[in-house]
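Engineer: Pasting a structure here, questions to come.
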Amino acid sequence: MQQVCLLTVVSLFVTSAQCKTPGLQTRITDRALEYATEVALDILSKQVTGQQIPDQHGQSGDVKFDITGMNVKQFTKPSSRVSLIQNVGLSWSTSGTGLAIHGDFKYKYRKGIIKISDHGSFDLKASGINFQVKIEIGMDGTGRPTMKAVGCSCNVGSADIKFHGGAAWIYSLFSGQLENKLKDMVGGGNGLLCKQLNTLIDVNGMKSLQKLPVTVQIAKRFLLDYRFLSKPSFQTKFMETYHKGEVYWNAVPVDAPFAAPPLLKSSDTSRMMYIWLSDYVFNTMSYNALKYNQLQYNVTNKDLPSGVLNTTCPQSTCIGKIIKAIGTKFPNTTVMLYMKSTSMPNMTAQNGSTVVNASGDIVFFAQQPGGKYTYFLTLSATMSTTISLMIQNEKVFAKVLKLPISVTVKDSKIPVSPEGLNFIVKGIVSVFVEPKLNELGAAGFPLPVINSVHFTNTQLTVAKDTLLIATDLKYSG
C-alpha cells in the first residue's frame with residue numbers, strides 16, 4: 001500500500017448517476033490529485049532506482065557486443081499533470097524525466113585476420129523522457145473500486161553513453177546501436193518505465209484498494225456499509241463517489257424501510273477532499289438497534305452514585321427517602337430501573353445543530369428476597385439531545401451539549417409527587433444516560449479512509465440532513 005499514494009487517494013472516491021440516494025458522498029479535487037502525483041513520483045523514483053535491466057546482446061558490422069549488469073543509478077523527477085477524463089478516469093502524463101544507467105560491456109571485433117576483444121563499463125544518461133498512462137476507475141460486482149492502467153506510452157528524448165576501458169576507436173562502431181537498444185528498453189509501451197507504471201497501478205494499486213474499508217464492524221453487532229452504488233463520475237475539477245452509507249444488523253443485513261434524504265449541494269473545490277455524511281447513516285443504526293433489542297438496559301446501584309437506588313438510607317438522597325411511598329412499601333432493599341426505547345432514536349442535522357430525539361419507558365422494580373423483583377411504576381420519557389460533532393483521526397466524534405428529559409407517569413402502584421419525578425430525572429436518569437451517550441460518542445464513527453491517508457486543515461459544516469467535511473490530505477507512507 002505504501003507504493004501507491006496516487007492510487008490510494010484516488011481509490012477513496014468514485015460515482016456516476018445512481019438510482020438510490022447515497023448515505024455518503026465524496027469528492028476529490030484536482031488539488032488532491034496534484035499532491036498525490038508528487039508523492040507517487042517519489043515512490044516511482046524509489047522503485048526505479050536500483051532496478052536491474054536484462055542483459056543485451058547484439059552485433060554491429062564487425063563488432064559483437066554483450067551488455068550485462070545494468071541497473072538504474074538515478075531517477076530525475078519530471079513535471080507532472082493529471083487530467084480527468086469524463087466517464088473513464090484519469091490521464092497521468094509527465095515530461096522531463098531523466099535516468100542514469102550503469103552497466104558492463106564486452107566486445108569482439110573481427111575483420112579479416114584482425115581480432116580484438118576487450119571489456120569495460122559504461123554510463124548512460126537518458127533525458128527528455130515523457131510518459132503518459134490512463135487509469136480506468138470502476139467498480140466490481142461487490143461494490144469495491146477497481147483500477148486498471150491502459151495505453152501506457154513512453155518516449156526517450158535523447159541518450160548519451162560514455163564508455164570506460166577498452167579501445168576507444170571501436171566504440172563508434174556499435175555505440176549508436178547500443179544507445180537505440182537502451183532507449184527502447186527504457187521507453188515504449190513495454191519498456192522499463194511503462195512496466196513499472198503498470199505494476200504500480202494494476203498490482204500495487206489493487207492491493208491498496210483491497211485495504212479500503214467498504215464494510216466496517218461496529219461493536220461486533222452492526223455492519224457499516226460504505227460500498228459504492230455506481231461507477232465513477234469525473235468533472236473538469238474533481239471526481240466524485242456515491243456510497244451506500246447504511247448500517248445493518250451484522251447477522252441479518254437487510255435494508256432499512258426508509259430512504260436517505262437528499263444531501264446538501266456544494267460546488268466548492270478549494271480543499272482536497274469533501275465527504276457528505278447523511279444522518280441516514282446514524283438513523284439506520286438506530287433502526288436496527290431498536291429492532292434487535294439493543295436499546296434497553298437494567299440500571300442498578302452499580303451504574304449510579306453509591307446508594308441512590310436504596311429504599312432505606314440515613315441520608316436524604318436515596319429514592320426511598322425522596323419518594324416516601326417506595327421506602328414505606330419496600331424497606332431495606334434496592335430498586336432496579338428497566339429502561340427501553342419505544343421508538344427509533346432519530347438524528348436530525350440542520351443549520352449548524354445536531355439533535356437526537358428519543359422516547360422510551362422506564363419501568364421500576366423493587367428487589368425482593370430470593371432475587372425476585374416486584375413491579376411498581378412505569379414512566380414515559382422523552383428527550384431531545386443536542387450534540388456537538390468533531391472530526392479527529394478520520395472519525396466523527398460526538399459529545400452531549402444539552403440533555404433535556406421530560407417524564408410522565410404511565411402506570412403506577414404508588415403515589416409519585418412532582419418532586420419525586422424531578423429527582424428521578426435529575427438524580428437517576430440524567431446521571432446514567434449522559435455518560436453513556438458520551439461514551440458512545442467518544443468511540444468515534446469511522447470514515448472510509450485507508451490508514452496511510454490523514455486529514456489536515458479540516459472543517460465540519462452541519463446542514464440539513466448532512467454533515468459536510470472539507471479537508472486537505474496528508475500521506476504518511
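Just remember, in the C-alpha cells the first chain shown is A, the second B, etc., residues are 1-based per chain, and ligands are 1-based in the order shown.
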Which residues of range 389-454 of chain A sit at most 9 Å from range 313-326 of chain A, using only C-alpha atoms? Give each one's shortest atom pair and distance in Å (one decimal place), in chain and ascending residue order, as JSON lines.
Structural biologist:
```
{"residue": "A:Ile414", "atom": "CA", "partner": "A:Ala325", "partner_atom": "CA", "distance": 6.3}
{"residue": "A:Pro415", "atom": "CA", "partner": "A:Ala325", "partner_atom": "CA", "distance": 6.7}
{"residue": "A:Val416", "atom": "CA", "partner": "A:Ile323", "partner_atom": "CA", "distance": 6.6}
{"residue": "A:Ser417", "atom": "CA", "partner": "A:Ile323", "partner_atom": "CA", "distance": 7.5}
{"residue": "A:Glu419", "atom": "CA", "partner": "A:Ile322", "partner_atom": "CA", "distance": 7.8}
{"residue": "A:Gly420", "atom": "CA", "partner": "A:Ile323", "partner_atom": "CA", "distance": 5.4}
{"residue": "A:Leu421", "atom": "CA", "partner": "A:Ile323", "partner_atom": "CA", "distance": 8.7}
{"residue": "A:Phe423", "atom": "CA", "partner": "A:Ile322", "partner_atom": "CA", "distance": 7.3}
{"residue": "A:Ile424", "atom": "CA", "partner": "A:Ile319", "partner_atom": "CA", "distance": 7.9}
{"residue": "A:Gly427", "atom": "CA", "partner": "A:Thr317", "partner_atom": "CA", "distance": 8.6}
```
Engineer: Generate the output file for the selected residues, C-alpha atoms, as a PDB file, in the first residue's frame.
Structural biologist:
```pdb
ATOM      1  CA  ILE A 414     -47.692   4.040  44.356  1.00  0.00           C
ATOM      2  CA  PRO A 415     -48.235   7.832  44.564  1.00  0.00           C
ATOM      3  CA  VAL A 416     -45.422   9.886  42.955  1.00  0.00           C
ATOM      4  CA  SER A 417     -45.128  13.632  43.550  1.00  0.00           C
ATOM      5  CA  GLU A 419     -40.631  16.410  43.412  1.00  0.00           C
ATOM      6  CA  GLY A 420     -40.234  12.646  43.084  1.00  0.00           C
ATOM      7  CA  LEU A 421     -40.323  12.815  39.302  1.00  0.00           C
ATOM      8  CA  PHE A 423     -35.420  13.519  41.474  1.00  0.00           C
ATOM      9  CA  ILE A 424     -35.791  10.584  39.103  1.00  0.00           C
ATOM     10  CA  GLY A 427     -30.620  12.264  40.145  1.00  0.00           C
TER      11      GLY A 427
END
```
Engineer: Would you please extract all strand (DSSP E or B) residues from range 244-388 of chain A, as assigned by DSSP on the backbone, and give them as a VMD selection string?
Structural biologist: chain A and resid 246 to 249 252 273 to 278 296 to 299 310 334 to 341 346 to 350 353 to 367 373 to 388
Engineer: Set the distance at 12 Å and use only C-alpha atoms: which residues neighbour Ser341 in chain A once local chain neighbours fewer than 5 positions away are removed? I'd like the list as a PDB file with C-alpha atoms, in the first residue's frame.
Structural biologist:
```
ATOM      1  CA  SER A 286     -30.764   3.390  15.416  1.00  0.00           C
ATOM      2  CA  TYR A 287     -33.388   1.477  13.443  1.00  0.00           C
ATOM      3  CA  ALA A 289     -30.556  -1.178  17.377  1.00  0.00           C
ATOM      4  CA  LEU A 290     -34.266  -0.837  18.233  1.00  0.00           C
ATOM      5  CA  LYS A 291     -35.328  -3.746  16.036  1.00  0.00           C
ATOM      6  CA  TYR A 292     -32.845  -6.129  17.626  1.00  0.00           C
ATOM      7  CA  ASN A 293     -33.430  -5.024  21.231  1.00  0.00           C
ATOM      8  CA  GLN A 294     -30.160  -3.175  21.744  1.00  0.00           C
ATOM      9  CA  LEU A 295     -31.799  -0.081  23.240  1.00  0.00           C
ATOM     10  CA  GLN A 296     -32.658  -1.490  26.640  1.00  0.00           C
ATOM     11  CA  TYR A 297     -30.738  -1.654  29.890  1.00  0.00           C
ATOM     12  CA  ASN A 346     -33.869   9.932  15.242  1.00  0.00           C
ATOM     13  CA  ASN A 357     -34.867  12.795  19.592  1.00  0.00           C
ATOM     14  CA  ALA A 358     -35.741   9.669  21.544  1.00  0.00           C
ATOM     15  CA  SER A 359     -38.556   8.271  23.685  1.00  0.00           C
ATOM     16  CA  GLY A 360     -38.911   5.270  25.931  1.00  0.00           C
ATOM     17  CA  ASP A 361     -40.255   3.696  29.079  1.00  0.00           C
ATOM     18  CA  ILE A 362     -38.612   3.472  32.496  1.00  0.00           C
ATOM     19  CA  VAL A 363     -40.001   0.535  34.467  1.00  0.00           C
ATOM     20  CA  LEU A 379     -42.711   6.325  33.411  1.00  0.00           C
ATOM     21  CA  SER A 380     -42.783   7.552  29.807  1.00  0.00           C
ATOM     22  CA  ALA A 381     -39.690   9.584  28.962  1.00  0.00           C
ATOM     23  CA  THR A 382     -38.809  11.810  26.020  1.00  0.00           C
ATOM     24  CA  MET A 383     -35.549  13.609  25.360  1.00  0.00           C
TER      25      MET A 383
END
```
Engineer: Could you please write out, as a ChimeraX atom specification, every residue of range 235-430 of chain A that DSSP assigns to helix (DSSP H, G or I)?
Structural biologist: /A:279-291,301-303,319-322,324-329,369-371,418-430
Engineer: Find, counting only C-alpha atoms, the residue in A:Val186, A:Val429, A:Cys154, A:Ala349 that gets nearest to Leu264 in chain A.
Structural biologist: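 Checking each of A:Val186, A:Val429, A:Cys154, A:Ala349 against Leu264 in chain A, counting only C-alpha atoms, the winner is A:Ala349.
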Engineer: May I ask for the distance between CA of Phe432 in chain A and CA of Asn301 in chain A, given in Å to one decimal place?
Structural biologist: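 Between these atoms lies a distance of 10.5 Å.
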Engineer: Please identify all polymer residues within 6 Å of range 99-112 of chain A, counting only C-alpha atoms, omitting same-chain residues fewer than 6 positions from it, and present them as an NGL selection string.
Structural biologist: :A and (62-75 or 118-126)
Engineer: Show me a table, sorted first by chain and then by increasing residue number, of the residues of range 145-249 of chain A having an atom at most 8 Å from range 433-453 of chain A, each with its shortest atom pair and the distance in Å to one decimal, counting only C-alpha atoms and written as JSON lines.
Structural biologist:
```
{"residue": "A:Lys211", "atom": "CA", "partner": "A:Ile450", "partner_atom": "CA", "distance": 6.8}
{"residue": "A:Leu212", "atom": "CA", "partner": "A:Ile450", "partner_atom": "CA", "distance": 5.5}
{"residue": "A:Pro213", "atom": "CA", "partner": "A:Pro448", "partner_atom": "CA", "distance": 5.8}
{"residue": "A:Val214", "atom": "CA", "partner": "A:Pro448", "partner_atom": "CA", "distance": 6.8}
{"residue": "A:Val216", "atom": "CA", "partner": "A:Pro446", "partner_atom": "CA", "distance": 7.9}
{"residue": "A:Tyr226", "atom": "CA", "partner": "A:Pro448", "partner_atom": "CA", "distance": 6.9}
```
Engineer: Hey, can you spit out that residue selection with N, CA, C and O atoms as a short mmCIF file (atom, residue, chain, number, x, y, z; two decimals), in the first residue's frame?
Structural biologist:
```
data_model
loop_
_atom_site.label_atom_id
_atom_site.label_comp_id
_atom_site.auth_asym_id
_atom_site.auth_seq_id
_atom_site.Cartn_x
_atom_site.Cartn_y
_atom_site.Cartn_z
N LYS A 211 -7.55 -2.91 0.70
CA LYS A 211 -7.48 -2.45 2.09
C LYS A 211 -8.48 -1.33 2.38
O LYS A 211 -8.63 -0.92 3.53
N LEU A 212 -9.11 -0.81 1.34
CA LEU A 212 -10.09 0.25 1.56
C LEU A 212 -11.29 -0.32 2.31
O LEU A 212 -11.91 -1.28 1.86
N PRO A 213 -11.65 0.23 3.47
CA PRO A 213 -12.75 -0.35 4.26
C PRO A 213 -14.11 -0.03 3.66
O PRO A 213 -14.64 1.06 3.86
N VAL A 214 -14.68 -0.97 2.92
CA VAL A 214 -16.02 -0.74 2.37
C VAL A 214 -17.10 -1.28 3.30
O VAL A 214 -18.27 -0.94 3.16
N VAL A 216 -17.44 -2.00 7.69
CA VAL A 216 -16.75 -1.85 8.98
C VAL A 216 -17.68 -2.38 10.07
O VAL A 216 -18.84 -1.97 10.17
N TYR A 226 -20.05 0.88 3.33
CA TYR A 226 -19.58 2.00 2.54
C TYR A 226 -19.38 1.61 1.07
O TYR A 226 -18.64 2.27 0.34
#
```
Engineer: So how many Å separate CA of Ser233 in chain A and CA of Phe131 in chain A, to one decimal?
Structural biologist: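 About the pair CA of Ser233 in chain A and CA of Phe131 in chain A: they are 24.8 Å apart.
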Engineer: Which residue, A:Ser388, A:Thr241, A:Thr408, A:Ser278, has the smallest gap to Thr26 in chain A when you use only C-alpha atoms?
Structural biologist: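 That would be A:Thr241, the residue with the smallest distance to Thr26 in chain A.
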Engineer: Please provide as a JSON list (two decimals) with N, CA, C and O atoms, in the first residue's frame all residues within 6 Å of range 136-144 of chain A, with the sequence filter that same-chain residues fewer than 4 positions apart are discarded (counting only C-alpha atoms).
Structural biologist:
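As a result, selection_24.json now contains:
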```json
[["chain", "number", "residue", "atom", "x", "y", "z"],
["A", 88, "VAL", "N", -14.34, 7.89, -17.84],
["A", 88, "VAL", "CA", -13.22, 6.95, -17.98],
["A", 88, "VAL", "C", -12.41, 6.90, -16.68],
["A", 88, "VAL", "O", -12.33, 5.88, -16.02],
["A", 89, "GLY", "N", -11.78, 8.01, -16.34],
["A", 89, "GLY", "CA", -10.90, 8.02, -15.19],
["A", 89, "GLY", "C", -9.92, 9.16, -15.27],
["A", 89, "GLY", "O", -10.30, 10.31, -15.48],
["A", 148, "LYS", "N", -7.29, 0.18, -13.47],
["A", 148, "LYS", "CA", -6.50, -0.53, -14.47],
["A", 148, "LYS", "C", -5.74, 0.48, -15.32],
["A", 148, "LYS", "O", -6.28, 1.50, -15.74],
["A", 227, "ARG", "N", -19.99, 0.52, 0.64],
["A", 227, "ARG", "CA", -19.79, 0.09, -0.75],
["A", 227, "ARG", "C", -20.32, 1.13, -1.74],
["A", 227, "ARG", "O", -21.25, 1.88, -1.44],
["A", 228, "PHE", "N", -19.72, 1.13, -2.92],
["A", 228, "PHE", "CA", -20.12, 2.09, -3.95],
["A", 228, "PHE", "C", -21.46, 1.69, -4.56],
["A", 228, "PHE", "O", -21.75, 0.52, -4.75],
["A", 231, "LYS", "N", -20.49, 3.48, -10.68],
["A", 231, "LYS", "CA", -19.15, 3.73, -11.20],
["A", 231, "LYS", "C", -18.77, 5.20, -11.02],
["A", 231, "LYS", "O", -19.61, 6.03, -10.72]]
```
Engineer: What does the distance between CA of Ala470 in chain A and CA of Thr284 in chain A come to in Å, to one decimal place?
Structural biologist: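 Answer for the CA of Ala470 in chain A to CA of Thr284 in chain A separation: 23.9 Å.
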Engineer: Write out as an MDAnalysis selection string the residues lying within 8 Å of Asp42 in chain A, counting only C-alpha atoms and excluding same-chain residues fewer than 4 positions away.
Structural biologist: chainID A and resid 38 46 77
Engineer: Produce a file of the selected residues containing N, CA and C atoms, as an mmCIF file, in the first residue's frame.
Structural biologist:
```
data_model
loop_
_atom_site.group_PDB
_atom_site.id
_atom_site.type_symbol
_atom_site.label_atom_id
_atom_site.label_comp_id
_atom_site.auth_asym_id
_atom_site.auth_seq_id
_atom_site.Cartn_x
_atom_site.Cartn_y
_atom_site.Cartn_z
ATOM 1 N N GLU A 38 2.702 13.995 -6.962
ATOM 2 C CA GLU A 38 4.035 14.317 -6.447
ATOM 3 C C GLU A 38 4.543 13.203 -5.541
ATOM 4 N N LYS A 46 11.831 5.638 -6.126
ATOM 5 C CA LYS A 46 12.415 4.591 -5.286
ATOM 6 C C LYS A 46 12.303 3.222 -5.942
ATOM 7 N N LYS A 77 13.088 13.374 -11.135
ATOM 8 C CA LYS A 77 11.644 13.589 -11.165
ATOM 9 C C LYS A 77 11.247 14.561 -12.267
#
```
Engineer: Please identify all polymer residues within 12 Å of Ala259 in chain A, counting only C-alpha atoms, omitting same-chain residues fewer than 3 positions from it, and present them as a count of residues only.
Structural biologist: 18
Engineer: Here is a test: counting only C-alpha atoms, which residue of A:Leu460, A:Ile469, A:Leu277, A:Leu223 is nearest to Leu24 in chain A?
Structural biologist: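 Answer, going by the shortest atom-to-atom distance: A:Leu277.
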